[in-house]
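run-v8.cif, holding mmCIF, C-alpha atoms:
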data_model
loop_
_atom_site.label_atom_id
_atom_site.label_comp_id
_atom_site.auth_asym_id
_atom_site.auth_seq_id
_atom_site.Cartn_x
_atom_site.Cartn_y
_atom_site.Cartn_z
CA MET A 1 72.99 43.07 199.18
CA ALA A 2 72.70 45.04 202.39
CA LYS A 3 71.18 48.48 202.19
CA VAL A 4 71.34 50.51 205.39
CA MET A 5 68.65 53.09 206.08
CA ASP A 6 69.93 56.54 205.17
CA GLN A 7 69.23 57.91 208.62
CA GLN A 8 68.94 55.83 211.77
CA PRO A 9 66.01 56.70 214.05
CA ALA A 10 67.34 59.53 216.19
CA SER A 11 64.92 59.11 219.06
CA LEU A 12 66.71 56.23 220.83
CA ASP A 13 70.36 55.37 221.36
CA VAL A 14 69.85 51.81 220.16
CA ALA A 15 73.53 50.85 220.37
CA ARG A 16 73.52 51.69 224.07
CA ILE A 17 70.15 50.01 224.62
CA ARG A 18 71.38 46.77 223.05
CA GLN A 19 74.14 46.53 225.63
CA ASP A 20 71.43 46.04 228.28
CA PHE A 21 70.11 42.85 226.64
CA PRO A 22 72.43 39.88 227.24
CA ILE A 23 70.69 37.56 224.77
CA LEU A 24 71.48 39.88 221.85
CA ALA A 25 75.16 39.01 222.22
CA ARG A 26 74.61 35.32 221.44
CA THR A 27 74.89 33.55 218.12
CA VAL A 28 72.71 30.98 216.37
CA GLY A 29 75.10 28.56 214.76
CA ASP A 30 77.82 30.88 213.56
CA LYS A 31 75.47 33.82 212.90
CA PRO A 32 74.69 36.72 215.25
CA LEU A 33 71.15 36.54 216.59
CA VAL A 34 68.74 38.89 214.84
CA TYR A 35 65.63 38.80 217.05
CA LEU A 36 62.53 39.96 215.18
CA ASP A 37 59.77 38.31 217.21
CA SER A 38 59.00 40.81 219.95
CA ALA A 39 55.27 40.64 219.20
CA ALA A 40 55.42 37.08 220.59
CA THR A 41 57.62 38.00 223.55
CA SER A 42 60.16 40.73 224.13
CA GLN A 43 63.70 40.22 225.34
CA LYS A 44 64.61 41.28 228.88
CA PRO A 45 67.21 43.86 229.90
CA ARG A 46 69.71 43.27 232.69
CA GLN A 47 67.72 45.64 234.88
CA VAL A 48 64.69 43.34 234.79
CA ILE A 49 66.73 40.18 235.24
CA GLY A 50 68.55 41.82 238.12
CA ALA A 51 65.33 42.92 239.83
CA ILE A 52 64.00 39.36 239.79
CA THR A 53 67.29 37.96 241.09
CA GLU A 54 67.47 40.56 243.86
CA PHE A 55 63.90 39.78 244.90
CA TYR A 56 64.68 36.09 245.30
CA GLU A 57 68.03 36.71 246.97
CA ARG A 58 66.89 39.41 249.43
CA HIS A 59 63.11 39.76 249.72
CA ASN A 60 61.47 36.44 248.87
CA ALA A 61 58.34 35.97 250.99
CA ASN A 62 54.62 35.82 250.45
CA VAL A 63 52.76 39.13 250.36
CA HIS A 64 49.97 40.56 252.51
CA ARG A 65 50.44 37.85 255.16
CA GLY A 66 53.62 38.05 257.21
CA VAL A 67 54.53 40.83 259.64
CA TYR A 68 58.23 40.01 259.56
CA THR A 69 60.69 42.22 257.71
CA ILE A 70 61.14 40.47 254.39
CA ALA A 71 57.40 39.79 254.07
CA GLU A 72 56.73 43.50 254.48
CA GLU A 73 59.48 44.25 251.94
CA ALA A 74 57.93 41.81 249.46
CA THR A 75 54.49 43.38 249.93
CA ALA A 76 55.91 46.87 249.42
CA LEU A 77 57.64 45.81 246.19
CA TYR A 78 54.51 44.05 244.91
CA GLU A 79 52.20 46.97 245.68
CA GLY A 80 54.80 49.37 244.33
CA ALA A 81 54.65 47.49 241.03
CA ARG A 82 50.86 47.97 241.01
CA GLU A 83 51.29 51.71 241.46
CA LYS A 84 53.83 51.87 238.63
CA LEU A 85 51.63 49.92 236.23
CA ALA A 86 48.63 52.11 237.07
CA ARG A 87 50.63 55.25 236.36
CA PHE A 88 52.04 53.75 233.15
CA VAL A 89 48.56 53.27 231.65
CA GLY A 90 47.08 56.51 232.98
CA ALA A 91 45.01 55.10 235.86
CA SER A 92 44.75 57.40 238.87
CA ASP A 93 43.71 54.58 241.25
CA PRO A 94 46.18 51.69 241.70
CA ALA A 95 43.34 49.51 243.06
CA CYS A 96 42.03 49.39 239.48
CA ILE A 97 45.00 47.17 238.53
CA VAL A 98 44.42 43.43 238.97
CA PHE A 99 47.58 41.36 238.67
CA ASN A 100 47.50 38.05 236.81
CA ARG A 101 49.39 36.26 234.02
CA GLY A 102 48.55 38.80 231.32
CA THR A 103 46.08 39.55 228.57
CA THR A 104 44.62 36.07 228.06
CA GLU A 105 43.80 35.62 231.73
CA SER A 106 42.54 39.21 231.94
CA THR A 107 40.10 38.80 229.06
CA ASN A 108 38.84 35.52 230.51
CA LEU A 109 38.38 37.28 233.85
CA VAL A 110 36.20 39.99 232.28
CA ALA A 111 34.27 37.58 230.07
CA HIS A 112 33.50 35.39 233.08
CA ALA A 113 33.17 37.78 236.02
CA TRP A 114 31.52 40.62 234.10
CA GLY A 115 30.09 38.87 231.04
CA ARG A 116 28.32 35.97 232.70
CA LYS A 117 26.87 38.27 235.34
CA PHE A 118 25.59 41.08 233.13
CA LEU A 119 25.01 39.63 229.64
CA ARG A 120 21.53 38.39 228.80
CA GLU A 121 19.92 36.58 225.88
CA GLY A 122 19.67 38.93 222.90
CA ASP A 123 22.53 41.19 224.08
CA GLN A 124 25.37 41.86 221.68
CA ILE A 125 29.14 41.57 222.09
CA VAL A 126 31.01 43.55 219.42
CA LEU A 127 34.54 42.52 218.39
CA SER A 128 36.60 43.16 215.28
CA MET A 129 37.60 40.59 212.69
CA ALA A 130 41.25 41.29 213.51
CA GLU A 131 41.16 39.83 217.02
CA HIS A 132 43.65 37.44 218.55
CA HIS A 133 41.98 34.22 219.68
CA SER A 134 42.44 35.41 223.28
CA ASN A 135 39.94 38.20 222.60
CA LEU A 136 37.56 35.97 220.68
CA ILE A 137 37.23 32.58 222.36
CA PRO A 138 36.39 33.94 225.87
CA TRP A 139 33.52 35.90 224.30
CA GLN A 140 32.34 32.83 222.41
CA PHE A 141 32.19 31.07 225.80
CA ALA A 142 30.33 34.01 227.36
CA ALA A 143 27.85 34.16 224.48
CA ARG A 144 27.17 30.44 224.68
CA ALA A 145 26.60 30.67 228.43
CA THR A 146 24.31 33.71 228.35
CA GLY A 147 22.55 33.65 224.97
CA ALA A 148 24.28 36.82 223.83
CA GLU A 149 25.31 37.32 220.19
CA VAL A 150 28.81 38.11 218.93
CA ARG A 151 29.01 40.69 216.13
CA PHE A 152 32.06 41.89 214.22
CA ILE A 153 33.53 45.10 212.83
CA PRO A 154 34.99 44.17 209.42
CA VAL A 155 38.54 44.76 208.25
CA ALA A 156 39.00 47.01 205.21
CA GLU A 157 41.21 46.05 202.28
CA ASP A 158 44.05 48.23 203.57
CA GLY A 159 44.06 46.45 206.94
CA THR A 160 42.33 49.18 208.94
CA LEU A 161 38.99 48.59 210.63
CA ASP A 162 36.03 49.40 208.38
CA LEU A 163 33.91 51.73 210.50
CA SER A 164 31.51 52.74 207.73
CA GLU A 165 28.67 50.70 209.26
CA LEU A 166 29.68 51.18 212.89
CA SER A 167 26.35 52.72 213.88
CA SER A 168 24.49 49.63 212.69
CA ILE A 169 26.96 47.24 214.37
CA VAL A 170 27.09 48.99 217.76
CA THR A 171 23.42 49.31 218.73
CA GLU A 172 21.21 49.71 221.79
CA ARG A 173 21.57 45.94 222.27
CA THR A 174 25.37 46.17 222.51
CA ARG A 175 26.71 45.59 226.02
CA ILE A 176 30.45 45.51 225.34
CA VAL A 177 32.82 46.50 222.55
CA ALA A 178 36.12 44.59 222.84
CA VAL A 179 38.88 45.28 220.31
CA THR A 180 42.61 44.96 219.88
CA GLY A 181 44.63 48.07 220.61
CA MET A 182 47.13 46.98 217.95
CA SER A 183 46.73 43.99 215.66
CA ASN A 184 49.40 41.36 216.17
CA VAL A 185 49.06 40.43 212.48
CA LEU A 186 48.40 43.66 210.58
CA GLY A 187 49.95 46.13 213.01
CA THR A 188 46.74 48.16 212.72
CA LEU A 189 46.07 50.82 215.37
CA PRO A 190 42.27 51.14 215.61
CA PRO A 191 40.83 54.58 216.50
CA LEU A 192 40.19 53.79 220.15
CA ALA A 193 38.62 57.14 221.04
CA VAL A 194 36.05 56.72 218.24
CA LEU A 195 35.23 53.16 219.33
CA SER A 196 35.03 54.19 222.98
CA GLU A 197 32.57 56.94 222.13
CA ALA A 198 30.47 54.54 220.05
CA ALA A 199 30.32 52.04 222.91
CA HIS A 200 29.50 54.59 225.58
CA SER A 201 26.85 56.28 223.43
CA VAL A 202 24.70 53.14 223.73
CA GLY A 203 25.60 52.42 227.35
CA ALA A 204 28.11 49.66 226.56
CA VAL A 205 31.52 49.16 228.16
CA PHE A 206 34.74 49.31 226.18
CA LEU A 207 37.58 46.76 226.48
CA VAL A 208 40.95 47.06 224.76
CA ASP A 209 43.30 44.12 224.26
CA GLY A 210 46.52 45.95 225.07
CA ALA A 211 48.97 43.09 224.47
CA GLN A 212 50.60 44.84 221.50
CA LEU A 213 49.59 48.43 222.29
CA VAL A 214 50.82 49.01 225.83
CA PRO A 215 54.47 48.06 225.13
CA HIS A 216 54.76 50.33 222.10
CA ALA A 217 52.77 53.54 222.60
CA ARG A 218 51.64 55.94 225.29
CA VAL A 219 48.31 54.81 226.78
CA ASP A 220 45.90 56.83 228.94
CA VAL A 221 42.88 54.76 229.94
CA GLU A 222 41.03 57.63 231.56
CA ALA A 223 41.54 60.15 228.74
CA THR A 224 40.62 57.57 226.08
CA GLY A 225 37.58 56.22 227.91
CA ILE A 226 38.84 52.65 228.24
CA ASP A 227 36.82 50.66 230.78
CA PHE A 228 38.95 47.51 230.68
CA LEU A 229 42.54 47.22 229.43
CA THR A 230 44.41 43.92 229.31
CA ILE A 231 48.20 44.05 229.73
CA SER A 232 50.95 41.51 228.94
CA GLY A 233 54.14 42.28 230.83
CA HIS A 234 56.28 39.84 228.85
CA LYS A 235 55.74 41.87 225.67
CA MET A 236 57.00 45.08 227.33
CA LEU A 237 60.44 43.86 228.51
CA GLY A 238 58.98 42.23 231.63
CA PRO A 239 58.92 38.59 232.73
CA THR A 240 56.52 35.98 231.44
CA ALA A 241 53.35 35.62 233.56
CA SER A 242 53.44 39.31 234.50
CA GLY A 243 50.88 41.99 233.74
CA GLY A 244 47.19 42.06 234.39
CA LEU A 245 43.97 43.98 233.98
CA TYR A 246 42.98 47.60 234.37
CA GLY A 247 39.30 47.91 235.17
CA ARG A 248 37.16 50.90 235.99
CA ARG A 249 36.67 50.63 239.74
CA ASP A 250 32.88 50.69 239.76
CA LEU A 251 32.83 47.85 237.22
CA LEU A 252 35.31 45.76 239.22
CA GLU A 253 33.26 46.29 242.37
CA GLN A 254 30.11 45.02 240.64
CA MET A 255 31.82 41.86 239.37
CA ASP A 256 32.00 38.55 241.20
CA PRO A 257 35.38 36.90 241.90
CA PHE A 258 36.91 34.90 239.06
CA LEU A 259 38.88 32.37 241.15
CA GLY A 260 38.22 31.16 244.67
CA GLY A 261 40.79 30.44 247.36
CA GLY A 262 43.02 32.14 249.85
CA GLU A 263 43.52 35.90 250.14
CA MET A 264 40.52 36.89 247.98
CA ILE A 265 38.20 36.37 250.95
CA ARG A 266 37.11 38.54 253.85
CA GLU A 267 35.41 35.93 256.03
CA VAL A 268 34.67 32.25 255.42
CA TRP A 269 32.08 29.94 256.95
CA LEU A 270 31.42 26.32 256.04
CA ASP A 271 28.49 27.21 253.79
CA HIS A 272 29.35 30.70 252.47
CA ALA A 273 31.97 33.43 252.32
CA THR A 274 32.33 37.18 251.93
CA PHE A 275 34.99 38.60 249.66
CA ASN A 276 37.79 41.12 249.69
CA GLY A 277 37.51 44.49 248.01
CA VAL A 278 39.23 45.34 244.73
CA PRO A 279 41.72 44.34 243.57
CA GLY A 280 42.15 41.64 246.21
CA LYS A 281 39.00 39.68 245.38
CA PHE A 282 40.50 38.89 241.97
CA GLU A 283 43.93 37.79 243.26
CA ALA A 284 43.37 34.35 244.75
CA GLY A 285 46.27 32.33 246.13
CA THR A 286 49.97 33.08 245.88
CA MET A 287 50.45 35.57 243.08
CA ASN A 288 53.26 35.96 240.56
CA ILE A 289 55.14 38.24 242.94
CA ALA A 290 58.66 38.17 241.50
CA GLU A 291 57.28 38.57 237.97
CA GLU A 292 55.38 41.75 238.86
CA VAL A 293 58.47 43.10 240.62
CA GLY A 294 60.34 42.43 237.38
CA LEU A 295 57.59 44.21 235.46
CA ALA A 296 58.08 47.26 237.67
CA ALA A 297 61.73 47.32 236.56
CA ALA A 298 60.62 47.04 232.93
CA ILE A 299 58.30 50.02 233.40
CA ASP A 300 61.18 52.00 234.89
CA TYR A 301 63.27 51.10 231.85
CA LEU A 302 60.61 52.12 229.32
CA GLU A 303 59.84 55.35 231.18
CA GLY A 304 63.55 56.10 231.13
CA LEU A 305 63.53 55.79 227.35
CA GLY A 306 60.27 57.71 227.00
CA MET A 307 57.25 56.15 225.30
CA ASP A 308 57.11 58.88 222.68
CA ALA A 309 60.68 57.99 221.71
CA VAL A 310 59.80 54.28 221.69
CA ARG A 311 56.92 54.96 219.31
CA GLU A 312 58.96 57.22 217.03
CA HIS A 313 61.76 54.66 216.74
CA GLU A 314 59.25 52.00 215.79
CA LYS A 315 57.51 54.15 213.20
CA GLN A 316 60.77 54.85 211.41
CA LEU A 317 61.98 51.26 211.57
CA THR A 318 58.61 49.87 210.45
CA ALA A 319 58.44 52.22 207.46
CA TYR A 320 61.94 51.16 206.46
CA ALA A 321 61.13 47.47 206.85
CA ILE A 322 57.95 47.66 204.80
CA GLY A 323 59.79 49.50 202.03
CA ARG A 324 62.59 46.96 201.93
CA LEU A 325 60.26 43.97 202.02
CA VAL A 326 58.12 45.30 199.18
CA GLU A 327 61.25 46.12 197.21
CA ALA A 328 62.41 42.52 197.70
CA GLY A 329 59.14 41.17 196.27
CA ALA A 330 57.21 40.37 199.44
CA THR A 331 53.48 40.91 199.87
CA VAL A 332 53.01 42.94 203.06
CA TYR A 333 49.68 42.82 204.90
CA GLY A 334 48.20 45.73 206.80
CA PRO A 335 48.46 49.50 206.47
CA ARG A 336 51.55 50.98 204.85
CA ASP A 337 51.33 54.26 206.79
CA PRO A 338 53.39 53.93 210.01
CA GLU A 339 51.20 56.57 211.66
CA VAL A 340 48.28 54.14 211.81
CA ARG A 341 50.17 50.94 212.53
CA GLY A 342 52.73 49.38 214.83
CA GLY A 343 55.84 47.30 214.31
CA ALA A 344 54.32 43.85 213.71
CA VAL A 345 54.81 43.34 209.96
CA SER A 346 53.23 40.26 208.37
CA PHE A 347 54.22 39.25 204.87
CA TRP A 348 54.35 36.44 202.30
CA TYR A 349 57.59 36.10 200.37
CA LYS A 350 57.08 34.98 196.78
CA GLU A 351 56.25 31.25 196.63
CA VAL A 352 57.96 30.26 199.90
CA HIS A 353 55.60 29.01 202.62
CA PRO A 354 56.10 30.99 205.85
CA HIS A 355 57.10 27.89 207.83
CA ASP A 356 59.80 27.04 205.29
CA LEU A 357 60.88 30.66 205.21
CA ALA A 358 61.24 30.86 209.00
CA THR A 359 63.32 27.68 209.00
CA ILE A 360 65.75 29.03 206.40
CA LEU A 361 65.95 32.41 208.10
CA ASP A 362 66.81 30.71 211.39
CA GLN A 363 69.86 29.20 209.71
CA GLU A 364 70.92 32.79 209.00
CA GLY A 365 70.38 33.74 212.65
CA VAL A 366 67.16 35.65 211.91
CA ALA A 367 64.27 34.84 214.25
CA ILE A 368 60.81 35.61 212.86
CA ARG A 369 57.35 34.19 213.50
CA ALA A 370 55.49 31.98 211.04
CA GLY A 371 51.93 30.72 211.37
CA HIS A 372 48.40 31.97 211.86
CA HIS A 373 49.46 34.06 214.89
CA CYS A 374 46.39 32.95 216.87
CA ALA A 375 44.20 34.80 214.37
CA GLN A 376 42.77 32.11 212.10
CA PRO A 377 39.60 34.04 211.11
CA LEU A 378 41.80 36.92 209.96
CA MET A 379 44.00 34.54 207.95
CA ARG A 380 40.88 33.39 206.08
CA ILE A 381 40.04 37.00 205.27
CA LEU A 382 43.57 37.51 203.95
CA GLY A 383 43.23 34.31 201.92
CA VAL A 384 46.38 32.68 203.28
CA PRO A 385 46.98 29.77 205.69
CA ALA A 386 49.72 31.66 207.50
CA THR A 387 52.09 34.59 207.21
CA ALA A 388 55.68 35.31 208.12
CA ARG A 389 55.94 38.10 210.68
CA ALA A 390 58.84 40.32 211.66
CA SER A 391 58.19 42.50 214.70
CA PHE A 392 60.36 45.25 216.11
CA TYR A 393 61.13 46.84 219.45
CA VAL A 394 63.49 49.26 221.12
CA TYR A 395 66.60 47.12 220.54
CA ASN A 396 66.15 46.54 216.79
CA THR A 397 68.13 48.31 214.10
CA ALA A 398 68.00 49.06 210.39
CA GLU A 399 70.93 46.69 209.92
CA GLU A 400 68.77 43.89 211.30
CA VAL A 401 66.08 44.71 208.75
CA ASP A 402 68.78 44.45 206.09
CA ALA A 403 69.85 41.08 207.51
CA LEU A 404 66.24 39.90 207.22
CA VAL A 405 66.01 40.96 203.57
CA ASP A 406 69.40 39.44 202.74
CA ALA A 407 68.23 36.15 204.30
CA LEU A 408 65.12 36.20 202.10
CA GLY A 409 67.46 35.89 199.13
CA LYS A 410 68.91 32.69 200.64
CA ALA A 411 65.40 31.25 200.90
CA GLU A 412 64.69 32.12 197.29
CA ASP A 413 67.91 30.42 196.20
CA ILE A 414 66.92 27.24 198.05
CA PHE A 415 63.30 27.10 196.94
CA GLY A 416 63.79 28.53 193.49
#

Since I need it in another form, could you write the structure as structure tokens?
Amino acid sequence: MAKVMDQQPASLDVARIRQDFPILARTVGDKPLVYLDSAATSQKPRQVIGAITEFYERHNANVHRGVYTIAEEATALYEGAREKLARFVGASDPACIVFNRGTTESTNLVAHAWGRKFLREGDQIVLSMAEHHSNLIPWQFAARATGAEVRFIPVAEDGTLDLSELSSIVTERTRIVAVTGMSNVLGTLPPLAVLSEAAHSVGAVFLVDGAQLVPHARVDVEATGIDFLTISGHKMLGPTASGGLYGRRDLLEQMDPFLGGGEMIREVWLDHATFNGVPGKFEAGTMNIAEEVGLAAAIDYLEGLGMDAVREHEKQLTAYAIGRLVEAGATVYGPRDPEVRGGAVSFWYKEVHPHDLATILDQEGVAIRAGHHCAQPLMRILGVPATARASFYVYNTAEEVDALVDALGKAEDIFG
């Protein structure tokens, strides 16, 4: 039976926000869509869709090349998006933003262009055991290529990172500490300032996988001491294949190009070449121009809401969801305190396998994620093959949490 939260989060006018998202008006079968998979990809408001359409209808041209009017307009929009993204993450220099397809490509860029140049045999790469595969496999590649060793910060029983042995994990041999800013499975928010200080105290650099963090909380790379931050635009209301990498400028200047081709060069001879400055040397070929223009519109939208309000809405909704899921008999993984976690809530419901559960919920119009969430080592720590995951964003409501819990009852009826 539905049970509506006593007080809706007051920080956002969610009813008004929902009107900006066309997909939320559709049905699945005869049920209204309840979209609870924003940790995988967020939905897009009309403002973002409109910005992409307007770009293609009025400004479509390649950037940095033509001197005709629409080419200059396209370049201005593209570089304007870089400036907005820099400001959004607290970077004072827009040249520190490298555009690409998002966090996976960004981590591979750093692991290749920084890691393979500066890591040596016996060096240490420190990750956490809560990492997405995108912040694990590139470092496995880098370690294999350089002879470096990958070490791990463990996960405590409550889903937070266990920092009790941090001083023996991050040592004088550590060259980089690379951790998630928010776990896509547990919702955990690691203490980034503490980890940054630990890395810098031994001369290491500090990378944050911002896929889940940047869309949901205020980020300031310079105040927090983040040397590299990876950013996925499609998880923050922007288009797929938008986003990129923030890198401290001196680090980017020391790194070699990641991809070779047009536009990342300065001069080319038959037997050698010289390369562009930052960020250009990392942006080879025709870039995802319309997507970054769409991301700029998404940033405008989020800034209009206010990131403090976004975070407050999520804290309240997440606390309500965890309470209702536990009350319904689900096992919830990760911290219970919304102050130290985000809105990705993984759970196991009674004896129903997550894949079966997601299938039944879909018949009720409720879209959740089921699987290992690209975090198989973490699943082994939790002792499960997979989890169900409901994840929340600015357009979600308490009534949708109630719809999720009501649909769990349907699954229990079917599977007994």

Problem - Residue nearest Gly329 in chain A among A:Asp402, A:Glu105, A:Glu412, A:Glu312 (counting only C-alpha atoms) - result: A:Glu412

Exercise for the section: Translate the PyMOL selection byres ((chain A and resi 53-68) around 9), as applied to the file shown, into an explicit residue set as a ChimeraX atom specification. Expected result: /A:48-52,69-78,263,286-287,289-290,293-294

Practice task
For CA of Arg144 in chain A and CA of Leu127 in chain A, determine how far apart the two atoms are, in Å to one decimal place.
Solution key: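 Pair CA of Arg144 in chain A / CA of Leu127 in chain A returns 15.5 Å.
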
Practice task
Quote the spacing between CA of Ala198 in chain A and CA of Arg151 in chain A in Å to one decimal place.
Solution key: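 CA of Arg151 in chain A lies at a distance of 14.5 Å from CA of Ala198 in chain A.
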
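When CA of Ala298 in chain A is paired with CA of Ala178 in chain A, their separation reads 26.6 Å.
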
Problem - Shortest interatomic distance to Ile137 in chain A - which of A:Val34, A:Leu408, A:Ala297, A:Ala111, counting only C-alpha atoms - result: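 Among the listed residues, A:Ala111 lies closest to Ile137 in chain A.
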
Handout entry: Given the PyMOL selection byres ((chain A and resi 45) around 7), the residues it picks as an MDAnalysis selection string
Key = chainID A and resid 20:21 43:44 46:49 237

Export range 307-360 of chain A, C-alpha atoms, as a PDB file, in the first residue's frame; it's the structure right above.
ATOM      1  CA  MET A 307      23.653  22.326  -6.566  1.00  0.00           C
ATOM      2  CA  ASP A 308      23.038  22.707  -2.845  1.00  0.00           C
ATOM      3  CA  ALA A 309      19.316  22.272  -3.520  1.00  0.00           C
ATOM      4  CA  VAL A 310      20.028  19.279  -5.785  1.00  0.00           C
ATOM      5  CA  ARG A 311      22.018  17.636  -2.999  1.00  0.00           C
ATOM      6  CA  GLU A 312      19.434  18.387  -0.315  1.00  0.00           C
ATOM      7  CA  HIS A 313      16.611  16.942  -2.415  1.00  0.00           C
ATOM      8  CA  GLU A 314      18.598  13.783  -2.955  1.00  0.00           C
ATOM      9  CA  LYS A 315      19.491  13.366   0.710  1.00  0.00           C
ATOM     10  CA  GLN A 316      15.850  13.542   1.741  1.00  0.00           C
ATOM     11  CA  LEU A 317      14.642  11.246  -1.028  1.00  0.00           C
ATOM     12  CA  THR A 318      17.431   8.719  -0.406  1.00  0.00           C
ATOM     13  CA  ALA A 319      16.719   8.568   3.325  1.00  0.00           C
ATOM     14  CA  TYR A 320      13.047   7.981   2.577  1.00  0.00           C
ATOM     15  CA  ALA A 321      13.821   5.277   0.020  1.00  0.00           C
ATOM     16  CA  ILE A 322      16.183   3.396   2.306  1.00  0.00           C
ATOM     17  CA  GLY A 323      13.624   3.484   5.107  1.00  0.00           C
ATOM     18  CA  ARG A 324      10.850   2.178   2.884  1.00  0.00           C
ATOM     19  CA  LEU A 325      12.999  -0.551   1.338  1.00  0.00           C
ATOM     20  CA  VAL A 326      14.159  -1.819   4.724  1.00  0.00           C
ATOM     21  CA  GLU A 327      10.588  -1.700   5.997  1.00  0.00           C
ATOM     22  CA  ALA A 328       9.537  -3.819   2.998  1.00  0.00           C
ATOM     23  CA  GLY A 329      12.130  -6.478   3.838  1.00  0.00           C
ATOM     24  CA  ALA A 330      14.947  -5.559   1.460  1.00  0.00           C
ATOM     25  CA  THR A 331      18.634  -5.760   2.325  1.00  0.00           C
ATOM     26  CA  VAL A 332      20.159  -2.368   1.501  1.00  0.00           C
ATOM     27  CA  TYR A 333      23.900  -2.102   0.826  1.00  0.00           C
ATOM     28  CA  GLY A 334      25.995   0.913   1.727  1.00  0.00           C
ATOM     29  CA  PRO A 335      25.771   3.585   4.407  1.00  0.00           C
ATOM     30  CA  ARG A 336      22.370   4.412   5.871  1.00  0.00           C
ATOM     31  CA  ASP A 337      23.299   8.009   6.710  1.00  0.00           C
ATOM     32  CA  PRO A 338      22.369  10.254   3.734  1.00  0.00           C
ATOM     33  CA  GLU A 339      25.054  12.737   4.792  1.00  0.00           C
ATOM     34  CA  VAL A 340      27.795  10.331   3.704  1.00  0.00           C
ATOM     35  CA  ARG A 341      26.129   8.826   0.653  1.00  0.00           C
ATOM     36  CA  GLY A 342      24.382   9.696  -2.585  1.00  0.00           C
ATOM     37  CA  GLY A 343      21.207   8.547  -4.267  1.00  0.00           C
ATOM     38  CA  ALA A 344      22.342   5.238  -5.803  1.00  0.00           C
ATOM     39  CA  VAL A 345      20.666   2.649  -3.568  1.00  0.00           C
ATOM     40  CA  SER A 346      21.557  -1.014  -4.134  1.00  0.00           C
ATOM     41  CA  PHE A 347      19.479  -3.720  -2.517  1.00  0.00           C
ATOM     42  CA  TRP A 348      18.442  -7.383  -2.568  1.00  0.00           C
ATOM     43  CA  TYR A 349      14.749  -8.081  -2.119  1.00  0.00           C
ATOM     44  CA  LYS A 350      14.046 -11.265  -0.186  1.00  0.00           C
ATOM     45  CA  GLU A 351      14.666 -14.345  -2.379  1.00  0.00           C
ATOM     46  CA  VAL A 352      14.061 -12.652  -5.741  1.00  0.00           C
ATOM     47  CA  HIS A 353      17.115 -12.446  -8.005  1.00  0.00           C
ATOM     48  CA  PRO A 354      17.743  -8.833  -9.107  1.00  0.00           C
ATOM     49  CA  HIS A 355      17.327  -9.684 -12.802  1.00  0.00           C
ATOM     50  CA  ASP A 356      13.933 -11.267 -12.138  1.00  0.00           C
ATOM     51  CA  LEU A 357      12.997  -8.362  -9.911  1.00  0.00           C
ATOM     52  CA  ALA A 358      13.870  -5.773 -12.567  1.00  0.00           C
ATOM     53  CA  THR A 359      11.793  -7.661 -15.133  1.00  0.00           C
ATOM     54  CA  ILE A 360       8.714  -7.694 -12.905  1.00  0.00           C
TER      55      ILE A 360
END
